[in-house]
$ cat model.cif   # mmCIF, C-alpha atoms
data_coords
#
loop_
_atom_site.label_atom_id
_atom_site.label_comp_id
_atom_site.auth_asym_id
_atom_site.auth_seq_id
_atom_site.Cartn_x
_atom_site.Cartn_y
_atom_site.Cartn_z
CA MET A 1 0.00 0.00 0.00
CA GLN A 2 1.34 3.34 -1.03
CA PRO A 3 -0.11 6.40 0.72
CA LEU A 4 -0.98 9.19 -1.73
CA GLY A 5 -2.00 11.84 0.76
CA GLY A 6 -5.36 12.98 2.04
CA GLU A 7 -7.34 15.59 3.91
CA THR A 8 -8.33 16.12 7.53
CA VAL A 9 -12.13 16.36 7.47
CA PHE A 10 -12.66 16.59 11.25
CA GLU A 11 -10.23 17.80 13.89
CA GLY A 12 -11.52 17.04 17.37
CA LYS A 13 -10.17 17.20 20.89
CA THR A 14 -9.78 13.43 21.22
CA PHE A 15 -9.45 12.22 17.63
CA SER A 16 -9.41 13.43 14.05
CA VAL A 17 -10.82 12.00 10.84
CA ARG A 18 -8.81 11.81 7.63
CA VAL A 19 -9.88 10.83 4.13
CA GLU A 20 -6.76 9.10 2.79
CA ARG A 21 -5.96 7.99 -0.74
CA LEU A 22 -3.81 4.90 -1.24
CA ARG A 23 -2.57 2.78 -4.13
CA HIS A 24 -2.66 -0.99 -3.69
CA ALA A 25 0.02 -3.32 -5.11
CA ASP A 26 -2.34 -4.21 -7.99
CA GLY A 27 -2.43 -0.54 -9.02
CA GLU A 28 -5.95 0.27 -7.89
CA GLN A 29 -6.36 3.57 -6.09
CA VAL A 30 -8.76 3.70 -3.14
CA GLU A 31 -10.04 6.29 -0.70
CA ARG A 32 -10.69 5.50 2.97
CA GLU A 33 -12.19 7.36 5.93
CA ILE A 34 -9.88 6.85 8.90
CA VAL A 35 -10.07 7.84 12.56
CA ARG A 36 -6.68 8.96 13.88
CA ARG A 37 -6.42 8.65 17.63
CA ARG A 38 -3.64 8.40 20.18
CA ASP A 39 -2.83 4.91 21.40
CA ALA A 40 -4.10 3.68 24.75
CA ALA A 41 -2.74 1.60 27.62
CA ALA A 42 -4.72 -0.74 29.89
CA VAL A 43 -3.77 -2.70 33.00
CA VAL A 44 -4.64 -6.17 34.28
CA ALA A 45 -3.74 -5.50 37.94
CA TYR A 46 -4.29 -8.47 40.23
CA ASP A 47 -3.34 -9.97 43.56
CA ASP A 48 -4.19 -13.35 45.12
CA GLU A 49 -7.89 -12.60 45.34
CA HIS A 50 -8.94 -9.84 42.98
CA VAL A 51 -8.43 -8.19 39.64
CA TRP A 52 -8.90 -4.44 39.96
CA LEU A 53 -11.51 -3.06 37.56
CA VAL A 54 -13.38 0.22 37.20
CA ARG A 55 -17.00 0.98 36.50
CA GLN A 56 -17.59 4.24 34.67
CA PRO A 57 -20.17 6.00 32.54
CA ARG A 58 -19.40 5.75 28.82
CA GLU A 59 -21.09 8.61 27.03
CA ALA A 60 -20.66 7.00 23.58
CA LEU A 61 -22.78 4.05 24.76
CA LEU A 62 -25.15 5.82 27.18
CA ARG A 63 -24.36 3.17 29.79
CA PHE A 64 -21.91 2.19 32.51
CA THR A 65 -19.22 -0.34 31.66
CA LEU A 66 -16.90 -2.55 33.66
CA GLU A 67 -13.37 -2.13 32.33
CA LEU A 68 -9.68 -2.50 32.95
CA PRO A 69 -8.17 0.76 34.22
CA ALA A 70 -6.96 2.46 31.04
CA GLY A 71 -6.18 5.75 29.40
CA THR A 72 -4.83 7.36 26.27
CA LEU A 73 -1.17 8.22 25.77
CA ASP A 74 -1.95 11.91 26.08
CA VAL A 75 1.14 13.08 27.95
CA GLN A 76 3.90 14.06 25.53
CA ASP A 77 6.70 11.49 25.09
CA GLU A 78 5.06 9.16 27.62
CA THR A 79 5.53 5.46 26.87
CA ALA A 80 2.61 3.01 26.98
CA LEU A 81 4.09 1.43 30.12
CA ARG A 82 4.32 4.80 31.86
CA THR A 83 0.70 5.59 30.90
CA ALA A 84 -0.37 2.22 32.31
CA GLN A 85 1.46 2.98 35.57
CA ARG A 86 -0.10 6.44 35.77
CA GLU A 87 -3.63 5.12 35.14
CA LEU A 88 -3.25 2.37 37.77
CA ALA A 89 -2.26 5.00 40.32
CA GLU A 90 -4.91 7.56 39.31
CA GLU A 91 -7.88 5.23 38.85
CA ILE A 92 -7.20 2.40 41.31
CA GLY A 93 -4.81 4.08 43.74
CA LYS A 94 -2.14 1.39 43.44
CA SER A 95 1.41 0.98 42.27
CA ALA A 96 2.88 -2.34 41.16
CA GLN A 97 6.27 -3.95 41.67
CA TYR A 98 6.12 -6.13 38.56
CA TRP A 99 5.00 -5.12 35.08
CA GLN A 100 4.67 -7.41 32.07
CA PRO A 101 3.45 -6.62 28.55
CA VAL A 102 0.48 -8.89 27.75
CA ILE A 103 -0.42 -7.96 24.17
CA SER A 104 -1.01 -4.97 21.89
CA CYS A 105 -3.89 -4.79 19.47
CA PHE A 106 -5.71 -2.51 17.09
CA ALA A 107 -9.19 -1.82 18.44
CA SER A 108 -10.98 -1.35 15.10
CA SER A 109 -8.55 -2.12 12.31
CA GLY A 110 -11.14 -1.45 9.62
CA TYR A 111 -11.30 2.30 10.20
CA SER A 112 -9.11 3.44 13.12
CA ASP A 113 -5.39 3.44 13.86
CA GLU A 114 -5.88 3.29 17.64
CA GLU A 115 -3.63 0.65 19.22
CA VAL A 116 -4.22 -0.55 22.78
CA HIS A 117 -1.28 -1.81 24.82
CA ILE A 118 -2.27 -4.16 27.64
CA PHE A 119 0.02 -4.80 30.62
CA ALA A 120 -0.18 -7.08 33.65
CA ALA A 121 0.69 -5.58 37.03
CA THR A 122 1.41 -7.57 40.21
CA GLY A 123 3.00 -6.92 43.57
CA LEU A 124 0.41 -4.19 44.24
CA SER A 125 0.60 -1.61 47.00
CA ASP A 126 -1.61 1.34 47.91
CA VAL A 127 -0.71 4.86 46.83
CA GLY A 128 -4.15 6.49 47.13
CA ALA A 129 -6.40 7.01 44.11
CA GLU A 130 -6.53 10.43 42.49
CA PRO A 131 -9.18 9.93 39.85
CA ASP A 132 -10.13 12.75 37.55
CA PRO A 133 -13.56 13.71 39.02
CA GLY A 134 -14.81 14.12 35.44
CA GLU A 135 -14.30 10.40 34.86
CA ARG A 136 -16.76 9.37 37.65
CA ILE A 137 -14.87 6.16 38.32
CA GLU A 138 -15.93 3.50 40.80
CA ILE A 139 -13.17 1.06 41.81
CA VAL A 140 -14.32 -2.57 41.56
CA PRO A 141 -12.17 -5.31 43.15
CA TRP A 142 -13.46 -8.30 41.17
CA PRO A 143 -12.97 -11.80 42.65
CA LEU A 144 -10.60 -13.95 40.58
CA ALA A 145 -12.92 -16.88 41.24
CA ALA A 146 -15.60 -15.14 39.12
CA LEU A 147 -13.47 -14.08 36.13
CA GLY A 148 -15.81 -15.79 33.69
CA ARG A 149 -18.68 -13.60 34.80
CA ALA A 150 -16.66 -10.41 34.30
CA ILE A 151 -15.71 -11.58 30.79
CA ALA A 152 -19.34 -12.29 29.97
CA GLU A 153 -20.68 -9.05 31.47
CA CYS A 154 -18.17 -6.34 30.70
CA GLY A 155 -18.81 -5.91 26.97
CA ASP A 156 -15.51 -4.09 26.45
CA ALA A 157 -12.96 -5.51 24.00
CA LYS A 158 -9.68 -4.66 25.77
CA THR A 159 -11.14 -5.86 29.08
CA ILE A 160 -12.22 -9.19 27.59
CA ILE A 161 -8.73 -9.69 26.15
CA GLY A 162 -7.02 -8.91 29.45
CA LEU A 163 -9.35 -11.09 31.52
CA GLN A 164 -9.19 -14.01 29.05
CA TRP A 165 -5.39 -13.80 29.31
CA LEU A 166 -5.60 -13.81 33.12
CA ALA A 167 -8.01 -16.76 33.14
CA ALA A 168 -5.66 -18.75 30.88
CA ARG A 169 -2.68 -17.87 33.04
CA ARG A 170 -4.46 -19.03 36.18
CA ARG A 171 -5.47 -22.30 34.53
CA ARG A 172 -1.88 -22.96 33.47
CA SER A 173 -0.47 -22.31 36.93
CA SER A 174 -3.14 -24.30 38.82
CA MET B 1 -26.75 9.95 31.73
CA GLN B 2 -29.33 12.06 29.98
CA PRO B 3 -28.72 12.86 26.30
CA LEU B 4 -29.31 16.54 25.49
CA GLY B 5 -28.83 16.41 21.74
CA GLY B 6 -25.89 17.18 19.53
CA GLU B 7 -24.62 17.82 16.02
CA THR B 8 -23.28 15.65 13.23
CA VAL B 9 -19.85 17.13 12.42
CA PHE B 10 -18.79 14.52 9.84
CA GLU B 11 -21.00 12.31 7.71
CA GLY B 12 -18.95 9.66 5.96
CA LYS B 13 -19.63 6.57 3.90
CA THR B 14 -18.66 4.14 6.68
CA PHE B 15 -19.17 6.16 9.87
CA SER B 16 -20.25 9.55 11.14
CA VAL B 17 -18.99 11.75 13.95
CA ARG B 18 -21.34 13.43 16.40
CA VAL B 19 -20.65 15.97 19.11
CA GLU B 20 -23.14 15.01 21.81
CA ARG B 21 -24.13 16.85 24.97
CA LEU B 22 -25.13 14.85 28.03
CA ARG B 23 -26.04 15.51 31.65
CA HIS B 24 -24.61 13.19 34.28
CA ALA B 25 -26.52 12.10 37.40
CA ASP B 26 -24.53 14.65 39.44
CA GLY B 27 -25.87 17.46 37.23
CA GLU B 28 -22.71 18.22 35.30
CA GLN B 29 -23.14 18.74 31.60
CA VAL B 30 -20.48 17.36 29.27
CA GLU B 31 -19.76 17.31 25.56
CA ARG B 32 -18.26 14.28 23.81
CA GLU B 33 -16.99 13.51 20.30
CA ILE B 34 -18.43 10.16 19.28
CA VAL B 35 -17.97 7.92 16.24
CA ARG B 36 -21.26 6.35 15.16
CA ARG B 37 -20.76 3.21 13.15
CA ARG B 38 -22.78 0.17 12.25
CA ASP B 39 -22.14 -2.94 14.34
CA ALA B 40 -19.98 -5.74 13.01
CA ALA B 41 -20.05 -9.53 13.09
CA ALA B 42 -17.03 -11.86 13.16
CA VAL B 43 -16.71 -15.64 12.92
CA VAL B 44 -14.49 -18.19 14.66
CA ALA B 45 -14.94 -20.97 12.06
CA TYR B 46 -13.02 -24.13 12.86
CA ASP B 47 -12.82 -27.83 12.14
CA ASP B 48 -10.63 -30.57 13.63
CA GLU B 49 -7.42 -29.07 12.28
CA HIS B 50 -7.79 -25.40 11.41
CA VAL B 51 -9.39 -22.12 12.28
CA TRP B 52 -10.19 -20.20 9.11
CA LEU B 53 -8.66 -16.71 9.07
CA VAL B 54 -8.12 -14.03 6.44
CA ARG B 55 -5.15 -11.86 5.66
CA GLN B 56 -6.02 -8.50 4.18
CA PRO B 57 -4.60 -5.03 3.68
CA ARG B 58 -5.86 -2.54 6.29
CA GLU B 59 -5.59 0.95 4.90
CA ALA B 60 -6.01 2.60 8.33
CA LEU B 61 -2.84 0.82 9.51
CA LEU B 62 -0.86 0.71 6.25
CA ARG B 63 -0.24 -2.99 6.83
CA PHE B 64 -1.68 -6.46 6.34
CA THR B 65 -3.46 -8.08 9.28
CA LEU B 66 -4.51 -11.61 10.15
CA GLU B 67 -8.15 -11.54 11.24
CA LEU B 68 -11.32 -13.49 11.78
CA PRO B 69 -13.62 -13.22 8.75
CA ALA B 70 -15.86 -10.28 9.60
CA GLY B 71 -17.97 -7.50 8.21
CA THR B 72 -20.32 -4.69 9.10
CA LEU B 73 -24.08 -5.10 9.37
CA ASP B 74 -24.56 -3.08 6.21
CA VAL B 75 -27.50 -4.95 4.68
CA GLN B 76 -30.79 -3.51 5.88
CA ASP B 77 -32.57 -5.51 8.62
CA GLU B 78 -29.84 -8.13 8.58
CA THR B 79 -29.13 -9.70 11.98
CA ALA B 80 -25.58 -10.10 13.30
CA LEU B 81 -25.86 -13.88 12.83
CA ARG B 82 -26.94 -13.48 9.21
CA THR B 83 -24.02 -11.09 8.57
CA ALA B 84 -21.65 -13.62 10.13
CA GLN B 85 -23.05 -16.35 7.86
CA ARG B 86 -22.75 -14.12 4.80
CA GLU B 87 -19.15 -13.14 5.61
CA LEU B 88 -18.10 -16.77 6.19
CA ALA B 89 -19.48 -17.66 2.76
CA GLU B 90 -18.09 -14.61 0.94
CA GLU B 91 -14.63 -14.49 2.52
CA ILE B 92 -13.87 -18.15 3.32
CA GLY B 93 -16.24 -19.93 0.94
CA LYS B 94 -17.83 -22.05 3.64
CA SER B 95 -21.17 -22.58 5.30
CA ALA B 96 -21.57 -24.01 8.79
CA GLN B 97 -24.07 -26.42 10.30
CA TYR B 98 -23.73 -25.14 13.87
CA TRP B 99 -23.63 -21.52 15.04
CA GLN B 100 -23.07 -20.32 18.58
CA PRO B 101 -22.81 -16.76 19.91
CA VAL B 102 -19.42 -16.36 21.63
CA ILE B 103 -19.52 -12.81 22.95
CA SER B 104 -20.38 -9.24 21.94
CA CYS B 105 -18.19 -6.29 22.81
CA PHE B 106 -17.69 -2.61 22.20
CA ALA B 107 -14.47 -2.10 20.24
CA SER B 108 -13.56 1.34 21.62
CA SER B 109 -16.03 2.25 24.34
CA GLY B 110 -14.31 5.59 25.02
CA TYR B 111 -15.35 7.21 21.75
CA SER B 112 -17.26 4.81 19.47
CA ASP B 113 -20.57 2.96 19.65
CA GLU B 114 -19.42 0.14 17.36
CA GLU B 115 -20.31 -3.27 18.81
CA VAL B 116 -18.77 -6.46 17.45
CA HIS B 117 -20.72 -9.71 17.67
CA ILE B 118 -18.52 -12.81 17.59
CA PHE B 119 -19.90 -16.23 16.65
CA ALA B 120 -18.42 -19.72 16.54
CA ALA B 121 -19.16 -21.82 13.45
CA THR B 122 -18.60 -25.57 13.15
CA GLY B 123 -19.72 -28.36 10.86
CA LEU B 124 -18.15 -26.54 7.91
CA SER B 125 -18.72 -27.34 4.25
CA ASP B 126 -17.53 -25.69 1.04
CA VAL B 127 -19.74 -23.30 -0.87
CA GLY B 128 -17.05 -21.45 -2.88
CA ALA B 129 -15.68 -18.08 -1.79
CA GLU B 130 -16.99 -14.95 -3.50
CA PRO B 131 -14.83 -12.29 -1.93
CA ASP B 132 -15.31 -8.68 -2.88
CA PRO B 133 -12.24 -8.14 -5.12
CA GLY B 134 -11.82 -4.73 -3.46
CA GLU B 135 -11.13 -6.45 -0.15
CA ARG B 136 -8.03 -8.32 -1.48
CA ILE B 137 -8.56 -11.19 0.92
CA GLU B 138 -6.24 -14.17 1.27
CA ILE B 139 -7.80 -17.22 3.01
CA VAL B 140 -5.54 -18.58 5.76
CA PRO B 141 -6.31 -22.01 7.27
CA TRP B 142 -4.45 -21.64 10.56
CA PRO B 143 -3.44 -24.83 12.45
CA LEU B 144 -5.26 -25.19 15.77
CA ALA B 145 -2.00 -26.50 17.24
CA ALA B 146 -0.48 -23.02 16.72
CA LEU B 147 -3.33 -20.86 18.10
CA GLY B 148 -0.98 -19.10 20.51
CA ARG B 149 1.11 -17.81 17.65
CA ALA B 150 -1.94 -16.39 15.84
CA ILE B 151 -3.03 -14.64 19.06
CA ALA B 152 0.44 -13.14 19.50
CA GLU B 153 0.84 -12.10 15.86
CA CYS B 154 -2.55 -10.91 14.67
CA GLY B 155 -2.74 -7.58 16.51
CA ASP B 156 -6.51 -7.32 15.99
CA ALA B 157 -8.79 -7.07 19.04
CA LYS B 158 -11.82 -9.09 17.86
CA THR B 159 -9.49 -11.81 16.50
CA ILE B 160 -7.60 -12.07 19.79
CA ILE B 161 -10.91 -12.42 21.67
CA GLY B 162 -12.19 -15.13 19.33
CA LEU B 163 -8.94 -17.10 19.33
CA GLN B 164 -8.49 -16.85 23.12
CA TRP B 165 -12.03 -18.19 23.47
CA LEU B 166 -11.20 -21.07 21.10
CA ALA B 167 -7.95 -21.85 22.95
CA ALA B 168 -9.83 -21.98 26.29
CA ARG B 169 -12.52 -24.19 24.79
CA ARG B 170 -9.92 -26.63 23.44
CA ARG B 171 -8.14 -26.76 26.81
CA ARG B 172 -11.41 -27.53 28.59
CA SER B 173 -12.32 -30.34 26.21
CA SER B 174 -8.85 -31.94 26.13
#
$ encode --input "model.cif" --output "structure tokens"
Amino acid sequence: MQPLGGETVFEGKTFSVRVERLRHADGEQVEREIVRRRDAAAVVAYDDEHVWLVRQPREALLRFTLELPAGTLDVQDETALRTAQRELAEEIGKSAQYWQPVISCFASSGYSDEEVHIFAATGLSDVGAEPDPGERIEIVPWPLAALGRAIAECGDAKTIIGLQWLAARRRRSS
Amino acid sequence: MQPLGGETVFEGKTFSVRVERLRHADGEQVEREIVRRRDAAAVVAYDDEHVWLVRQPREALLRFTLELPAGTLDVQDETALRTAQRELAEEIGKSAQYWQPVISCFASSGYSDEEVHIFAATGLSDVGAEPDPGERIEIVPWPLAALGRAIAECGDAKTIIGLQWLAARRRRSS
């Protein structure tokens, strides 16, 4: 695919939309509408009993969702790992001794370039949550014994991926 | 959350962007940029040896990805299951005797209302692929014995969810 340029048709606060022209290897030229958005980081933070989730209102869906703590890489030059560490502290009020990359994935590869980087965090200790009041976040310590129910209920892609990974890891080590 | 109306700021062929105003339960009024897009359906189609994936160019990412066969619910009144059946026939050239809903999830709950409905399909038989030439799809029969490698390599959220589900199912039944 050879990019041939394009135009920004919407410039928002949290994402922009571009109409891009590209030439495929077979010579055909195509035009695509693409959401450009900063990457995000999410954290599977767990101890012996719980995985630490958040419940928050999602305006795009007009409902509350159960999700991994997460945020966009909106601080300049911040790495995905550093964003994950910041979000765990801000939303859950914890720091972690051990960090491990789980997986990175494109959320909607058909029309968006947003990549989500998921980390596991263990060896947790309290630092005191400082959530952005505008995010209206409720901290939810979810029992590891009921992971399947969180996977079935949450309805959020990155959260399902992180919890499926955790469930598989627990099965392997049991 | 009480919706207070909004404006369409971009009307595209495959999605639109709205700026919506909402009032939270605590009285605060907020404004959010939201991508409105039709839901999608994806298929984990597998037999005793392979799960049937596709490799295709993704213009938003300027790269090829390995994904579950999938598509948007762009035929009027078509259910997610019917879309899944249509995409399995068009992209992989197969029909399936047994269909099972796996899970539904929001791809990017922070800014988009797109929901992806994932189904499992078994009892496969050939019907002859009729891929849209514009999609440039390569059919990839991926060995079930190497599911972990597909999960690690694909980089696509819905595909990771579907393949993690399949891996867990195979572990349970082995």
$ closest_residue --input "model.cif" --among "A:Ser108, A:Gln164, A:Gln2, A:Ser125" --to "A:Leu144" --atoms "all atoms listed in the file"
A:Gln164
$ closest_atom_pairs --input "model.cif" --of "chain A" --to "chain B" --cutoff "6 Å" --atoms "all atoms listed in the file" --output "tab-separated table"
residue	atom	partner	partner_atom	distance
A:Ile34	CA	B:Ala60	CA	5.8
A:Ala60	CA	B:Tyr111	CA	5.6
A:Leu61	CA	B:Asp113	CA	5.7
A:Cys105	CA	B:Gly155	CA	4.2
A:Phe106	CA	B:Asp156	CA	5.0
A:Ala107	CA	B:Ala157	CA	5.3
A:Tyr111	CA	B:Ala60	CA	5.6
A:Ser112	CA	B:Ala60	CA	5.8
A:Asp113	CA	B:Ala60	CA	5.6
A:Gly155	CA	B:Cys105	CA	4.2
A:Asp156	CA	B:Phe106	CA	5.0
A:Ala157	CA	B:Ala107	CA	5.3
A:Ile161	CA	B:Ile161	CA	5.7
$ write_last_selection --input "model.cif" --atoms "C-alpha atoms" --output "mmCIF file, in the frame of the given file"
data_model
loop_
_atom_site.group_PDB
_atom_site.id
_atom_site.type_symbol
_atom_site.label_atom_id
_atom_site.label_comp_id
_atom_site.auth_asym_id
_atom_site.auth_seq_id
_atom_site.Cartn_x
_atom_site.Cartn_y
_atom_site.Cartn_z
ATOM 1 C CA ILE A 34 -9.880 6.850 8.900
ATOM 2 C CA ALA A 60 -20.660 7.000 23.580
ATOM 3 C CA LEU A 61 -22.780 4.050 24.760
ATOM 4 C CA CYS A 105 -3.890 -4.790 19.470
ATOM 5 C CA PHE A 106 -5.710 -2.510 17.090
ATOM 6 C CA ALA A 107 -9.190 -1.820 18.440
ATOM 7 C CA TYR A 111 -11.300 2.300 10.200
ATOM 8 C CA SER A 112 -9.110 3.440 13.120
ATOM 9 C CA ASP A 113 -5.390 3.440 13.860
ATOM 10 C CA GLY A 155 -18.810 -5.910 26.970
ATOM 11 C CA ASP A 156 -15.510 -4.090 26.450
ATOM 12 C CA ALA A 157 -12.960 -5.510 24.000
ATOM 13 C CA ILE A 161 -8.730 -9.690 26.150
#
$ calpha_fit_and_write --input "model.cif" --fixed "chain A" --moving "chain B" --output "short mmCIF file (atom, residue, chain, number, x, y, z; two decimals) with C-alpha atoms, keeping the file's coordinate frame"
data_model
loop_
_atom_site.label_atom_id
_atom_site.label_comp_id
_atom_site.auth_asym_id
_atom_site.auth_seq_id
_atom_site.Cartn_x
_atom_site.Cartn_y
_atom_site.Cartn_z
CA MET B 1 0.00 -0.03 0.01
CA GLN B 2 1.37 3.34 -0.99
CA PRO B 3 -0.10 6.40 0.75
CA LEU B 4 -0.95 9.20 -1.69
CA GLY B 5 -2.00 11.86 0.79
CA GLY B 6 -5.35 12.97 2.06
CA GLU B 7 -7.35 15.59 3.93
CA THR B 8 -8.32 16.12 7.54
CA VAL B 9 -12.14 16.36 7.49
CA PHE B 10 -12.67 16.59 11.26
CA GLU B 11 -10.24 17.80 13.89
CA GLY B 12 -11.53 17.03 17.36
CA LYS B 13 -10.20 17.19 20.89
CA THR B 14 -9.79 13.41 21.23
CA PHE B 15 -9.46 12.21 17.63
CA SER B 16 -9.40 13.42 14.05
CA VAL B 17 -10.83 12.00 10.85
CA ARG B 18 -8.82 11.82 7.65
CA VAL B 19 -9.86 10.85 4.14
CA GLU B 20 -6.76 9.11 2.80
CA ARG B 21 -5.93 8.00 -0.72
CA LEU B 22 -3.80 4.90 -1.23
CA ARG B 23 -2.57 2.78 -4.11
CA HIS B 24 -2.64 -0.99 -3.69
CA ALA B 25 0.03 -3.33 -5.09
CA ASP B 26 -2.33 -4.21 -7.96
CA GLY B 27 -2.43 -0.54 -9.01
CA GLU B 28 -5.94 0.28 -7.87
CA GLN B 29 -6.36 3.56 -6.08
CA VAL B 30 -8.74 3.71 -3.13
CA GLU B 31 -10.03 6.29 -0.69
CA ARG B 32 -10.68 5.50 2.98
CA GLU B 33 -12.19 7.36 5.94
CA ILE B 34 -9.89 6.84 8.90
CA VAL B 35 -10.08 7.83 12.57
CA ARG B 36 -6.68 8.94 13.88
CA ARG B 37 -6.42 8.64 17.62
CA ARG B 38 -3.67 8.39 20.17
CA ASP B 39 -2.84 4.89 21.40
CA ALA B 40 -4.11 3.67 24.74
CA ALA B 41 -2.74 1.60 27.61
CA ALA B 42 -4.72 -0.74 29.88
CA VAL B 43 -3.77 -2.69 32.99
CA VAL B 44 -4.65 -6.16 34.28
CA ALA B 45 -3.73 -5.50 37.94
CA TYR B 46 -4.29 -8.47 40.21
CA ASP B 47 -3.33 -9.97 43.54
CA ASP B 48 -4.16 -13.34 45.12
CA GLU B 49 -7.87 -12.59 45.34
CA HIS B 50 -8.94 -9.82 42.98
CA VAL B 51 -8.43 -8.18 39.64
CA TRP B 52 -8.89 -4.43 39.96
CA LEU B 53 -11.50 -3.05 37.56
CA VAL B 54 -13.37 0.23 37.20
CA ARG B 55 -16.98 0.99 36.51
CA GLN B 56 -17.58 4.23 34.67
CA PRO B 57 -20.16 5.99 32.55
CA ARG B 58 -19.40 5.75 28.81
CA GLU B 59 -21.08 8.60 27.02
CA ALA B 60 -20.67 6.99 23.57
CA LEU B 61 -22.79 4.04 24.76
CA LEU B 62 -25.14 5.82 27.18
CA ARG B 63 -24.35 3.17 29.79
CA PHE B 64 -21.92 2.18 32.52
CA THR B 65 -19.22 -0.35 31.66
CA LEU B 66 -16.89 -2.56 33.67
CA GLU B 67 -13.36 -2.12 32.33
CA LEU B 68 -9.68 -2.50 32.96
CA PRO B 69 -8.16 0.77 34.21
CA ALA B 70 -6.95 2.45 31.04
CA GLY B 71 -6.19 5.74 29.39
CA THR B 72 -4.82 7.37 26.27
CA LEU B 73 -1.16 8.22 25.78
CA ASP B 74 -1.95 11.91 26.08
CA VAL B 75 1.14 13.09 27.95
CA GLN B 76 3.90 14.06 25.54
CA ASP B 77 6.69 11.48 25.10
CA GLU B 78 5.06 9.17 27.61
CA THR B 79 5.52 5.46 26.86
CA ALA B 80 2.60 3.02 26.97
CA LEU B 81 4.07 1.45 30.13
CA ARG B 82 4.31 4.82 31.85
CA THR B 83 0.69 5.60 30.90
CA ALA B 84 -0.37 2.23 32.30
CA GLN B 85 1.47 2.99 35.56
CA ARG B 86 -0.10 6.45 35.77
CA GLU B 87 -3.62 5.12 35.13
CA LEU B 88 -3.25 2.36 37.75
CA ALA B 89 -2.26 5.00 40.31
CA GLU B 90 -4.90 7.57 39.31
CA GLU B 91 -7.86 5.23 38.84
CA ILE B 92 -7.18 2.39 41.30
CA GLY B 93 -4.79 4.08 43.73
CA LYS B 94 -2.13 1.40 43.44
CA SER B 95 1.42 0.98 42.26
CA ALA B 96 2.87 -2.34 41.15
CA GLN B 97 6.27 -3.95 41.66
CA TYR B 98 6.13 -6.13 38.54
CA TRP B 99 5.00 -5.12 35.05
CA GLN B 100 4.68 -7.40 32.05
CA PRO B 101 3.45 -6.60 28.53
CA VAL B 102 0.48 -8.87 27.75
CA ILE B 103 -0.41 -7.95 24.18
CA SER B 104 -1.01 -4.96 21.90
CA CYS B 105 -3.89 -4.80 19.47
CA PHE B 106 -5.72 -2.52 17.09
CA ALA B 107 -9.20 -1.83 18.45
CA SER B 108 -10.98 -1.36 15.10
CA SER B 109 -8.54 -2.13 12.31
CA GLY B 110 -11.16 -1.44 9.61
CA TYR B 111 -11.31 2.30 10.19
CA SER B 112 -9.12 3.42 13.11
CA ASP B 113 -5.39 3.42 13.86
CA GLU B 114 -5.89 3.28 17.64
CA GLU B 115 -3.65 0.64 19.23
CA VAL B 116 -4.22 -0.55 22.78
CA HIS B 117 -1.27 -1.80 24.82
CA ILE B 118 -2.26 -4.16 27.64
CA PHE B 119 0.02 -4.80 30.62
CA ALA B 120 -0.17 -7.09 33.63
CA ALA B 121 0.70 -5.59 37.02
CA THR B 122 1.41 -7.56 40.19
CA GLY B 123 3.01 -6.91 43.55
CA LEU B 124 0.43 -4.19 44.23
CA SER B 125 0.60 -1.60 46.99
CA ASP B 126 -1.61 1.35 47.89
CA VAL B 127 -0.72 4.86 46.84
CA GLY B 128 -4.18 6.49 47.10
CA ALA B 129 -6.41 6.99 44.07
CA GLU B 130 -6.56 10.44 42.48
CA PRO B 131 -9.20 9.92 39.83
CA ASP B 132 -10.15 12.75 37.55
CA PRO B 133 -13.55 13.72 39.03
CA GLY B 134 -14.82 14.13 35.46
CA GLU B 135 -14.30 10.41 34.87
CA ARG B 136 -16.76 9.38 37.66
CA ILE B 137 -14.88 6.17 38.31
CA GLU B 138 -15.94 3.50 40.79
CA ILE B 139 -13.16 1.06 41.81
CA VAL B 140 -14.31 -2.57 41.56
CA PRO B 141 -12.17 -5.31 43.15
CA TRP B 142 -13.45 -8.29 41.17
CA PRO B 143 -12.97 -11.80 42.64
CA LEU B 144 -10.60 -13.93 40.57
CA ALA B 145 -12.91 -16.88 41.24
CA ALA B 146 -15.59 -15.13 39.14
CA LEU B 147 -13.46 -14.06 36.14
CA GLY B 148 -15.82 -15.78 33.70
CA ARG B 149 -18.68 -13.60 34.82
CA ALA B 150 -16.66 -10.40 34.31
CA ILE B 151 -15.70 -11.57 30.80
CA ALA B 152 -19.34 -12.29 29.97
CA GLU B 153 -20.69 -9.06 31.47
CA CYS B 154 -18.17 -6.34 30.70
CA GLY B 155 -18.81 -5.91 26.97
CA ASP B 156 -15.51 -4.08 26.44
CA ALA B 157 -12.96 -5.52 23.99
CA LYS B 158 -9.67 -4.66 25.75
CA THR B 159 -11.13 -5.87 29.08
CA ILE B 160 -12.22 -9.19 27.59
CA ILE B 161 -8.72 -9.70 26.14
CA GLY B 162 -7.02 -8.91 29.45
CA LEU B 163 -9.35 -11.08 31.52
CA GLN B 164 -9.20 -14.02 29.08
CA TRP B 165 -5.41 -13.80 29.30
CA LEU B 166 -5.60 -13.80 33.11
CA ALA B 167 -8.02 -16.76 33.14
CA ALA B 168 -5.66 -18.76 30.87
CA ARG B 169 -2.68 -17.87 33.03
CA ARG B 170 -4.48 -19.03 36.19
CA ARG B 171 -5.50 -22.31 34.53
CA ARG B 172 -1.91 -22.98 33.47
CA SER B 173 -0.52 -22.34 36.94
CA SER B 174 -3.20 -24.32 38.82
#
$ closest_residue --input "model.cif" --among "B:Pro143, B:Arg86, B:Glu78, B:Gly123" --to "B:Gln100" --atoms "all atoms listed in the file"
B:Gly123
$ atom_distance --input "model.cif" --atom1 "atom CA of B:Leu166" --atom2 "atom CA of B:Val44"
7.8 Å
